[in-house]
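Participant: My structure is stored as data_20.cif, with mmCIF, C-alpha atoms, pLDDT in the B column; chains and numbers go by the auth columns.
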data_structure
#
loop_
_atom_site.group_PDB
_atom_site.id
_atom_site.type_symbol
_atom_site.label_atom_id
_atom_site.label_comp_id
_atom_site.label_asym_id
_atom_site.label_seq_id
_atom_site.Cartn_x
_atom_site.Cartn_y
_atom_site.Cartn_z
_atom_site.B_iso_or_equiv
_atom_site.auth_seq_id
_atom_site.auth_asym_id
ATOM 1 C CA MET A 1 0.000 0.000 0.000 53.00 836 B
ATOM 2 C CA SER A 2 1.407 3.386 -0.988 72.00 837 B
ATOM 3 C CA SER A 3 1.726 6.127 1.611 91.00 838 B
ATOM 4 C CA LEU A 4 -0.859 8.888 1.807 97.00 839 B
ATOM 5 C CA LEU A 5 1.986 11.415 2.027 98.00 840 B
ATOM 6 C CA ALA A 6 5.459 10.804 0.624 98.00 841 B
ATOM 7 C CA VAL A 7 8.055 13.582 0.761 98.00 842 B
ATOM 8 C CA GLU A 8 11.293 12.858 -1.083 98.00 843 B
ATOM 9 C CA ASP A 9 14.510 14.930 -1.013 98.00 844 B
ATOM 10 C CA LEU A 10 12.664 18.174 -0.267 98.00 845 B
ATOM 11 C CA GLN A 11 14.784 21.298 -0.616 98.00 846 B
ATOM 12 C CA ALA A 12 13.528 24.821 -0.007 97.00 847 B
ATOM 13 C CA GLY A 13 14.534 28.258 1.174 96.00 848 B
ATOM 14 C CA TYR A 14 14.017 31.995 0.928 96.00 849 B
ATOM 15 C CA GLY A 15 16.061 34.137 -1.451 94.00 850 B
ATOM 16 C CA ASN A 16 19.713 33.196 -1.036 94.00 851 B
ATOM 17 C CA LEU A 17 19.001 31.285 2.175 95.00 852 B
ATOM 18 C CA SER A 18 18.678 27.506 1.931 96.00 853 B
ATOM 19 C CA VAL A 19 16.590 26.079 4.784 96.00 854 B
ATOM 20 C CA LEU A 20 15.691 22.492 3.866 97.00 855 B
ATOM 21 C CA HIS A 21 18.485 20.259 2.630 97.00 856 B
ATOM 22 C CA GLY A 22 16.817 17.170 1.245 96.00 857 B
ATOM 23 C CA ILE A 23 14.351 15.843 3.812 97.00 858 B
ATOM 24 C CA SER A 24 12.310 12.691 3.178 98.00 859 B
ATOM 25 C CA PHE A 25 9.468 11.152 5.183 98.00 860 B
ATOM 26 C CA GLU A 26 6.182 9.272 4.747 97.00 861 B
ATOM 27 C CA LEU A 27 2.848 9.069 6.537 98.00 862 B
ATOM 28 C CA ASN A 28 -0.053 6.649 6.074 96.00 863 B
ATOM 29 C CA ALA A 29 -3.784 7.099 6.595 96.00 864 B
ATOM 30 C CA GLY A 30 -4.721 6.663 10.246 95.00 865 B
ATOM 31 C CA GLU A 31 -1.221 7.442 11.494 96.00 866 B
ATOM 32 C CA VAL A 32 -0.016 10.263 13.702 97.00 867 B
ATOM 33 C CA GLY A 33 3.386 11.639 12.767 97.00 868 B
ATOM 34 C CA ALA A 34 5.334 14.134 14.880 96.00 869 B
ATOM 35 C CA MET A 35 8.059 16.447 13.605 95.00 870 B
ATOM 36 C CA VAL A 36 10.111 17.943 16.412 91.00 871 B
ATOM 37 C CA GLY A 37 13.094 20.249 16.582 88.00 872 B
ATOM 38 C CA ALA A 38 14.284 23.600 17.848 85.00 873 B
ATOM 39 C CA ASN A 39 13.015 26.924 16.529 85.00 874 B
ATOM 40 C CA GLY A 40 14.581 27.629 13.151 87.00 875 B
ATOM 41 C CA ALA A 41 15.242 23.956 12.401 90.00 876 B
ATOM 42 C CA GLY A 42 13.006 23.945 9.317 93.00 877 B
ATOM 43 C CA LYS A 43 9.660 22.688 10.616 93.00 878 B
ATOM 44 C CA SER A 44 7.646 25.718 9.527 91.00 879 B
ATOM 45 C CA THR A 45 9.310 25.765 6.120 95.00 880 B
ATOM 46 C CA THR A 46 8.351 22.117 5.674 96.00 881 B
ATOM 47 C CA LEU A 47 4.733 22.978 6.474 95.00 882 B
ATOM 48 C CA ARG A 48 4.752 25.881 4.035 94.00 883 B
ATOM 49 C CA CYS A 49 5.891 23.534 1.280 97.00 884 B
ATOM 50 C CA LEU A 50 3.246 20.941 2.157 97.00 885 B
ATOM 51 C CA SER A 51 0.497 23.568 2.146 95.00 886 B
ATOM 52 C CA GLY A 52 1.512 25.196 -1.130 96.00 887 B
ATOM 53 C CA LEU A 53 2.621 28.460 0.463 95.00 888 B
ATOM 54 C CA LEU A 54 6.250 27.969 -0.558 96.00 889 B
ATOM 55 C CA ARG A 55 7.480 26.440 -3.797 96.00 890 B
ATOM 56 C CA PRO A 56 10.164 23.767 -3.225 97.00 891 B
ATOM 57 C CA ARG A 57 13.492 24.215 -4.982 97.00 892 B
ATOM 58 C CA ALA A 58 13.862 20.477 -5.492 97.00 893 B
ATOM 59 C CA GLY A 59 12.308 17.203 -4.447 98.00 894 B
ATOM 60 C CA THR A 60 8.749 15.896 -4.606 98.00 895 B
ATOM 61 C CA ILE A 61 5.662 15.882 -2.397 98.00 896 B
ATOM 62 C CA ILE A 62 3.211 13.128 -3.306 98.00 897 B
ATOM 63 C CA PHE A 63 -0.169 13.308 -1.590 98.00 898 B
ATOM 64 C CA ALA A 64 -3.044 10.894 -2.245 96.00 899 B
ATOM 65 C CA GLY A 65 -1.245 9.714 -5.366 95.00 900 B
ATOM 66 C CA GLU A 66 -0.714 13.192 -6.854 96.00 901 B
ATOM 67 C CA ASP A 67 2.406 15.314 -7.078 98.00 902 B
ATOM 68 C CA ILE A 68 1.462 18.485 -5.198 98.00 903 B
ATOM 69 C CA SER A 69 4.953 20.012 -5.177 96.00 904 B
ATOM 70 C CA ASN A 70 3.934 22.901 -7.411 94.00 905 B
ATOM 71 C CA LEU A 71 0.194 23.101 -6.823 97.00 906 B
ATOM 72 C CA PRO A 72 -1.395 26.266 -5.385 95.00 907 B
ATOM 73 C CA ALA A 73 -2.649 26.156 -1.812 94.00 908 B
ATOM 74 C CA HIS A 74 -6.360 25.974 -2.663 92.00 909 B
ATOM 75 C CA ARG A 75 -5.847 22.899 -4.857 94.00 910 B
ATOM 76 C CA ILE A 76 -3.959 21.151 -2.066 96.00 911 B
ATOM 77 C CA VAL A 77 -6.862 21.815 0.302 94.00 912 B
ATOM 78 C CA GLU A 78 -9.258 20.430 -2.314 93.00 913 B
ATOM 79 C CA LEU A 79 -7.225 17.211 -2.373 96.00 914 B
ATOM 80 C CA GLY A 80 -7.606 16.895 1.401 96.00 915 B
ATOM 81 C CA LEU A 81 -4.425 18.289 2.996 98.00 916 B
ATOM 82 C CA VAL A 82 -5.509 20.903 5.528 96.00 917 B
ATOM 83 C CA GLN A 83 -3.418 22.840 8.035 94.00 918 B
ATOM 84 C CA VAL A 84 -4.382 24.330 11.398 92.00 919 B
ATOM 85 C CA PRO A 85 -1.914 27.216 11.741 86.00 920 B
ATOM 86 C CA GLU A 86 -0.033 28.209 14.846 84.00 921 B
ATOM 87 C CA GLY A 87 -1.968 30.900 16.667 76.00 922 B
ATOM 88 C CA ARG A 88 -5.352 29.591 15.454 77.00 923 B
ATOM 89 C CA LEU A 89 -6.134 32.631 13.233 86.00 924 B
ATOM 90 C CA LEU A 90 -9.862 32.723 13.900 92.00 925 B
ATOM 91 C CA PHE A 91 -12.162 35.613 13.021 90.00 926 B
ATOM 92 C CA PRO A 92 -12.752 36.879 16.585 93.00 927 B
ATOM 93 C CA ALA A 93 -15.841 39.015 15.895 94.00 928 B
ATOM 94 C CA MET A 94 -17.617 36.206 14.053 96.00 929 B
ATOM 95 C CA SER A 95 -19.491 33.527 15.955 96.00 930 B
ATOM 96 C CA VAL A 96 -18.094 30.090 16.666 96.00 931 B
ATOM 97 C CA ARG A 97 -20.673 28.664 14.261 95.00 932 B
ATOM 98 C CA GLU A 98 -19.617 31.040 11.483 95.00 933 B
ATOM 99 C CA ASN A 99 -15.935 30.246 12.002 94.00 934 B
ATOM 100 C CA LEU A 100 -16.680 26.528 11.762 95.00 935 B
ATOM 101 C CA MET A 101 -18.805 26.969 8.644 94.00 936 B
ATOM 102 C CA LEU A 102 -15.931 28.747 6.902 91.00 937 B
ATOM 103 C CA GLY A 103 -14.110 25.417 6.845 91.00 938 B
ATOM 104 C CA ALA A 104 -16.770 23.969 4.538 88.00 939 B
ATOM 105 C CA PHE A 105 -16.161 26.444 1.730 82.00 940 B
ATOM 106 C CA LEU A 106 -15.437 23.805 -0.939 77.00 941 B
ATOM 107 C CA PRO A 107 -18.390 22.371 -2.920 74.00 942 B
ATOM 108 C CA GLU A 108 -18.283 18.807 -1.577 79.00 943 B
ATOM 109 C CA PRO A 109 -17.824 19.709 2.113 77.00 944 B
ATOM 110 C CA ARG A 110 -20.569 22.332 1.737 79.00 945 B
ATOM 111 C CA LYS A 111 -23.036 19.593 0.770 83.00 946 B
ATOM 112 C CA ARG A 112 -22.269 17.769 4.029 84.00 947 B
ATOM 113 C CA MET A 113 -22.042 20.794 6.300 86.00 948 B
ATOM 114 C CA SER A 114 -24.691 19.623 8.770 86.00 949 B
ATOM 115 C CA GLN A 115 -23.147 16.160 9.056 88.00 950 B
ATOM 116 C CA SER A 116 -19.670 17.639 9.495 90.00 951 B
ATOM 117 C CA MET A 117 -20.896 20.085 12.141 93.00 952 B
ATOM 118 C CA ASP A 118 -22.398 17.216 14.129 92.00 953 B
ATOM 119 C CA ALA A 119 -19.099 15.332 13.895 92.00 954 B
ATOM 120 C CA VAL A 120 -17.085 18.343 15.085 93.00 955 B
ATOM 121 C CA LEU A 121 -19.405 18.861 18.052 95.00 956 B
ATOM 122 C CA SER A 122 -19.120 15.193 18.956 92.00 957 B
ATOM 123 C CA TYR A 123 -15.350 15.660 19.273 92.00 958 B
ATOM 124 C CA PHE A 124 -15.649 19.028 21.034 92.00 959 B
ATOM 125 C CA PRO A 125 -18.989 19.014 22.915 93.00 960 B
ATOM 126 C CA ALA A 126 -17.986 22.094 24.934 91.00 961 B
ATOM 127 C CA LEU A 127 -18.464 24.151 21.766 94.00 962 B
ATOM 128 C CA ARG A 128 -22.137 23.224 21.409 94.00 963 B
ATOM 129 C CA GLU A 129 -23.330 25.819 23.926 94.00 964 B
ATOM 130 C CA LYS A 130 -20.963 28.460 22.533 96.00 965 B
ATOM 131 C CA LEU A 131 -21.920 28.298 18.847 97.00 966 B
ATOM 132 C CA ASP A 132 -23.492 31.764 18.845 96.00 967 B
ATOM 133 C CA LEU A 133 -20.786 33.488 20.895 96.00 968 B
ATOM 134 C CA PRO A 134 -18.002 35.528 19.270 96.00 969 B
ATOM 135 C CA ALA A 135 -15.001 33.260 18.766 94.00 970 B
ATOM 136 C CA GLY A 136 -12.787 35.907 20.345 92.00 971 B
ATOM 137 C CA SER A 137 -14.631 35.559 23.663 94.00 972 B
ATOM 138 C CA LEU A 138 -13.519 31.941 24.120 93.00 973 B
ATOM 139 C CA SER A 139 -10.492 30.757 26.078 89.00 974 B
ATOM 140 C CA GLY A 140 -7.324 29.844 24.218 88.00 975 B
ATOM 141 C CA GLY A 141 -8.075 26.147 24.493 88.00 976 B
ATOM 142 C CA GLN A 142 -11.624 26.557 23.229 91.00 977 B
ATOM 143 C CA GLN A 143 -10.370 28.683 20.338 92.00 978 B
ATOM 144 C CA GLN A 144 -7.973 25.874 19.447 92.00 979 B
ATOM 145 C CA MET A 145 -10.946 23.489 19.366 92.00 980 B
ATOM 146 C CA VAL A 146 -12.684 25.864 16.946 94.00 981 B
ATOM 147 C CA ALA A 147 -9.574 26.013 14.748 94.00 982 B
ATOM 148 C CA VAL A 148 -9.322 22.220 14.605 94.00 983 B
ATOM 149 C CA GLY A 149 -13.063 21.937 14.062 95.00 984 B
ATOM 150 C CA ARG A 150 -12.932 24.438 11.208 95.00 985 B
ATOM 151 C CA ALA A 151 -10.285 22.309 9.509 95.00 986 B
ATOM 152 C CA LEU A 152 -12.361 19.160 10.034 95.00 987 B
ATOM 153 C CA MET A 153 -15.324 20.832 8.324 94.00 988 B
ATOM 154 C CA SER A 154 -13.389 20.560 5.050 92.00 989 B
ATOM 155 C CA ARG A 155 -13.341 16.748 5.482 93.00 990 B
ATOM 156 C CA PRO A 156 -9.549 16.337 5.157 95.00 991 B
ATOM 157 C CA LYS A 157 -7.507 13.205 4.582 97.00 992 B
ATOM 158 C CA LEU A 158 -4.452 14.702 6.306 98.00 993 B
ATOM 159 C CA LEU A 159 -4.656 17.228 9.119 97.00 994 B
ATOM 160 C CA VAL A 160 -1.511 19.241 9.846 96.00 995 B
ATOM 161 C CA LEU A 161 -1.450 20.743 13.348 94.00 996 B
ATOM 162 C CA ASP A 162 1.111 23.477 14.000 91.00 997 B
ATOM 163 C CA GLU A 163 1.742 23.841 17.759 88.00 998 B
ATOM 164 C CA PRO A 164 -1.802 22.888 18.856 87.00 999 B
ATOM 165 C CA SER A 165 -0.990 23.064 22.593 85.00 1000 B
ATOM 166 C CA LEU A 166 0.708 26.473 22.553 83.00 1001 B
ATOM 167 C CA GLY A 167 -0.670 28.731 25.283 82.00 1002 B
ATOM 168 C CA ILE A 168 -3.385 26.300 26.372 84.00 1003 B
ATOM 169 C CA ALA A 169 -4.257 25.103 29.878 84.00 1004 B
ATOM 170 C CA PRO A 170 -3.016 21.551 30.621 84.00 1005 B
ATOM 171 C CA LEU A 171 -6.534 20.129 31.033 84.00 1006 B
ATOM 172 C CA LEU A 172 -7.563 21.295 27.563 83.00 1007 B
ATOM 173 C CA VAL A 173 -4.246 20.140 26.108 85.00 1008 B
ATOM 174 C CA ARG A 174 -5.097 16.646 27.333 86.00 1009 B
ATOM 175 C CA GLU A 175 -8.523 16.840 25.684 86.00 1010 B
ATOM 176 C CA ILE A 176 -7.060 17.996 22.374 86.00 1011 B
ATOM 177 C CA PHE A 177 -4.515 15.180 22.329 89.00 1012 B
ATOM 178 C CA GLU A 178 -7.210 12.641 23.190 90.00 1013 B
ATOM 179 C CA ASN A 179 -9.191 13.868 20.195 90.00 1014 B
ATOM 180 C CA ILE A 180 -6.121 13.599 17.985 91.00 1015 B
ATOM 181 C CA GLU A 181 -5.982 9.907 18.882 92.00 1016 B
ATOM 182 C CA LYS A 182 -9.696 9.486 18.137 92.00 1017 B
ATOM 183 C CA LEU A 183 -9.371 11.203 14.764 93.00 1018 B
ATOM 184 C CA ALA A 184 -6.469 8.976 13.774 94.00 1019 B
ATOM 185 C CA ALA A 185 -8.392 5.892 14.895 93.00 1020 B
ATOM 186 C CA GLY A 186 -11.102 6.963 12.447 91.00 1021 B
ATOM 187 C CA GLY A 187 -8.619 6.887 9.564 93.00 1022 B
ATOM 188 C CA LEU A 188 -7.443 10.494 9.464 96.00 1023 B
ATOM 189 C CA ALA A 189 -3.701 11.040 9.050 98.00 1024 B
ATOM 190 C CA ILE A 190 -2.288 13.698 11.378 97.00 1025 B
ATOM 191 C CA LEU A 191 1.043 15.506 11.202 98.00 1026 B
ATOM 192 C CA LEU A 192 1.997 17.255 14.440 95.00 1027 B
ATOM 193 C CA ILE A 193 4.457 20.092 14.856 92.00 1028 B
ATOM 194 C CA GLU A 194 4.505 20.410 18.607 84.00 1029 B
ATOM 195 C CA GLN A 195 6.525 22.032 21.398 76.00 1030 B
ATOM 196 C CA ASN A 196 5.077 19.557 23.907 79.00 1031 B
ATOM 197 C CA ILE A 197 7.416 16.831 22.724 86.00 1032 B
ATOM 198 C CA GLY A 198 6.474 14.271 25.354 87.00 1033 B
ATOM 199 C CA ASN A 199 2.790 14.367 24.443 86.00 1034 B
ATOM 200 C CA ALA A 200 3.458 14.434 20.709 89.00 1035 B
ATOM 201 C CA LEU A 201 5.855 11.494 20.678 93.00 1036 B
ATOM 202 C CA SER A 202 3.751 9.398 23.044 92.00 1037 B
ATOM 203 C CA LEU A 203 0.909 9.103 20.518 92.00 1038 B
ATOM 204 C CA SER A 204 2.920 9.096 17.261 96.00 1039 B
ATOM 205 C CA GLN A 205 3.473 6.030 15.129 96.00 1040 B
ATOM 206 C CA ARG A 206 6.151 7.934 13.209 97.00 1041 B
ATOM 207 C CA ALA A 207 8.408 10.727 14.389 96.00 1042 B
ATOM 208 C CA TRP A 208 11.240 12.782 12.949 96.00 1043 B
ATOM 209 C CA VAL A 209 13.798 15.092 14.540 93.00 1044 B
ATOM 210 C CA ILE A 210 14.793 17.932 12.258 94.00 1045 B
ATOM 211 C CA GLU A 211 17.958 19.998 12.781 93.00 1046 B
ATOM 212 C CA ASN A 212 19.392 22.610 10.442 94.00 1047 B
ATOM 213 C CA GLY A 213 17.005 21.624 7.671 96.00 1048 B
ATOM 214 C CA ALA A 214 17.751 17.895 7.770 96.00 1049 B
ATOM 215 C CA ILE A 215 16.143 14.904 9.468 96.00 1050 B
ATOM 216 C CA VAL A 216 18.746 13.585 11.895 94.00 1051 B
ATOM 217 C CA MET A 217 16.678 10.962 13.743 94.00 1052 B
ATOM 218 C CA GLN A 218 13.514 9.030 12.980 96.00 1053 B
ATOM 219 C CA GLY A 219 11.519 6.110 14.319 96.00 1054 B
ATOM 220 C CA SER A 220 8.329 5.524 16.244 96.00 1055 B
ATOM 221 C CA GLY A 221 7.399 8.091 18.849 94.00 1056 B
ATOM 222 C CA ARG A 222 8.114 5.586 21.603 94.00 1057 B
ATOM 223 C CA GLU A 223 11.557 4.799 20.189 95.00 1058 B
ATOM 224 C CA LEU A 224 12.488 8.471 20.189 94.00 1059 B
ATOM 225 C CA LEU A 225 11.046 9.029 23.670 92.00 1060 B
ATOM 226 C CA ASP A 226 13.275 6.240 24.967 92.00 1061 B
ATOM 227 C CA ASP A 227 16.382 7.567 23.204 91.00 1062 B
ATOM 228 C CA PRO A 228 18.830 9.174 25.687 89.00 1063 B
ATOM 229 C CA ARG A 229 19.758 11.853 23.142 88.00 1064 B
ATOM 230 C CA ILE A 230 16.140 13.000 22.863 88.00 1065 B
ATOM 231 C CA GLN A 231 15.696 12.841 26.624 85.00 1066 B
ATOM 232 C CA ALA A 232 18.742 15.037 27.186 84.00 1067 B
ATOM 233 C CA ALA A 233 18.157 17.518 24.358 81.00 1068 B
ATOM 234 C CA TYR A 234 14.390 18.009 24.569 78.00 1069 B
ATOM 235 C CA LEU A 235 13.035 16.552 27.802 71.00 1070 B
ATOM 236 C CA GLY A 236 15.697 17.724 30.268 63.00 1071 B
ATOM 237 C CA ILE A 237 16.505 14.172 31.370 60.00 1072 B
ATOM 238 C CA GLN A 238 20.193 13.578 31.945 48.00 1073 B
#
Rewrite the structure from the file as structure tokens, please.
Facilitator:
Amino acid sequence: MSSLLAVEDLQAGYGNLSVLHGISFELNAGEVGAMVGANGAGKSTTLRCLSGLLRPRAGTIIFAGEDISNLPAHRIVELGLVQVPEGRLLFPAMSVRENLMLGAFLPEPRKRMSQSMDAVLSYFPALREKLDLPAGSLSGGQQQMVAVGRALMSRPKLLVLDEPSLGIAPLLVREIFENIEKLAAGGLAILLIEQNIGNALSLSQRAWVIENGAIVMQGSGRELLDDPRIQAAYLGIQ
């Protein structure tokens, strides 16, 4: 069975600056993958390439059997690769309901908007009583639920989550990670870029450590969690 996402020898940068130096990784449907590394390592540049916001200089990105390396962002979303950006980027004056509905802007998801809304509220029941409130009035954790829910409204095949636990209370972080597991169990592929490395690796079937634009370690999340180098560099365990 071919991978849902296959990145091969990806190279990218900005102007005269080269950032990615030939990274390769794969992810299957129903898997959670975690990409970890320090700020400036190349994680965000990788996401920009996957989402069509940055044109790779070399290499290929195959998603759902199609080469998306040079496709515009809206076409990539149509194929089912959807990103939840760092910082959530909601429309604060619009209601929670309206923010969620914006995720179903494509023709096919629009036809199933009611079904998708029910599914989102089953994952995040706390949002049900807040549908008519301005999104900006919600807590950070609840806003993150709206951001993830908005992405789910587009009925993706691969959900890319950029720092989903950033600035969120621990109790809500736990709920978000529990829902990530449920989504993957339902067949959705999930790529995590996450500062909370312990949580991210603990639920990831695949994981990659990126440094200076190159993948320097890879394996299952559990394998990396148990690696003394990861424990020392990222978890403060000597």
Participant: Quick one: which residues end up in the PyMOL selection byres ((chain B and resi 991-1005) around 6) for this structure, as a PyMOL selection string?
Facilitator: chain B and resi 915-921+975-976+989-990+1006-1008+1023-1029
Participant: Using only C-alpha atoms, which residue out of B:Val1044, B:Ala1068, B:Ala982, B:Leu845 lies closest to Val871 in chain B?
Facilitator: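 With only C-alpha atoms as the atom set, the closest residue is B:Val1044.
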Participant: Pick the closest to Gln1053 in chain B from B:Met929, B:Ala893, B:Met870, B:Val854: which is it, counting all atoms listed in the file?
Facilitator: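 For Gln1053 in chain B, the nearest of the candidates is B:Met870.
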Participant: Would you mind telling me which residue in B:Met948, B:Ala970, B:Ala873, B:Leu888 lies nearest to Gly1048 in chain B when using only C-alpha atoms?
Facilitator: B:Ala873
Participant: Of the residues B:Val981, B:Ala1049, B:Met952, B:Val931, which is the one nearest to Ala847 in chain B, using all atoms listed in the file?
Facilitator: B:Ala1049
Participant: Residues picked by the PyMOL selection byres ((chain B and resi 959) around 10) here, as a PyMOL selection string?
Facilitator: chain B and resi 953-958+960-963+977+980-981+983-984+1010-1011+1014
Participant: What's the separation between CA of Asp902 in chain B and CA of Phe940 in chain B, in Å to one decimal place?
Facilitator: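 Between CA of Asp902 in chain B and CA of Phe940 in chain B the gap works out to 23.4 Å.
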Participant: To one decimal place, how far is CA of Leu937 in chain B from CA of Arg910 in chain B in Å?
Facilitator: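 According to the coordinates, CA of Leu937 in chain B and CA of Arg910 in chain B are separated by 16.6 Å.
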Participant: Please indicate the distance in Å from CA of Gly938 in chain B to CA of Leu987 in chain B, rounded to one decimal place.
Facilitator: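 Result for CA of Gly938 in chain B versus CA of Leu987 in chain B: 7.2 Å, one decimal.
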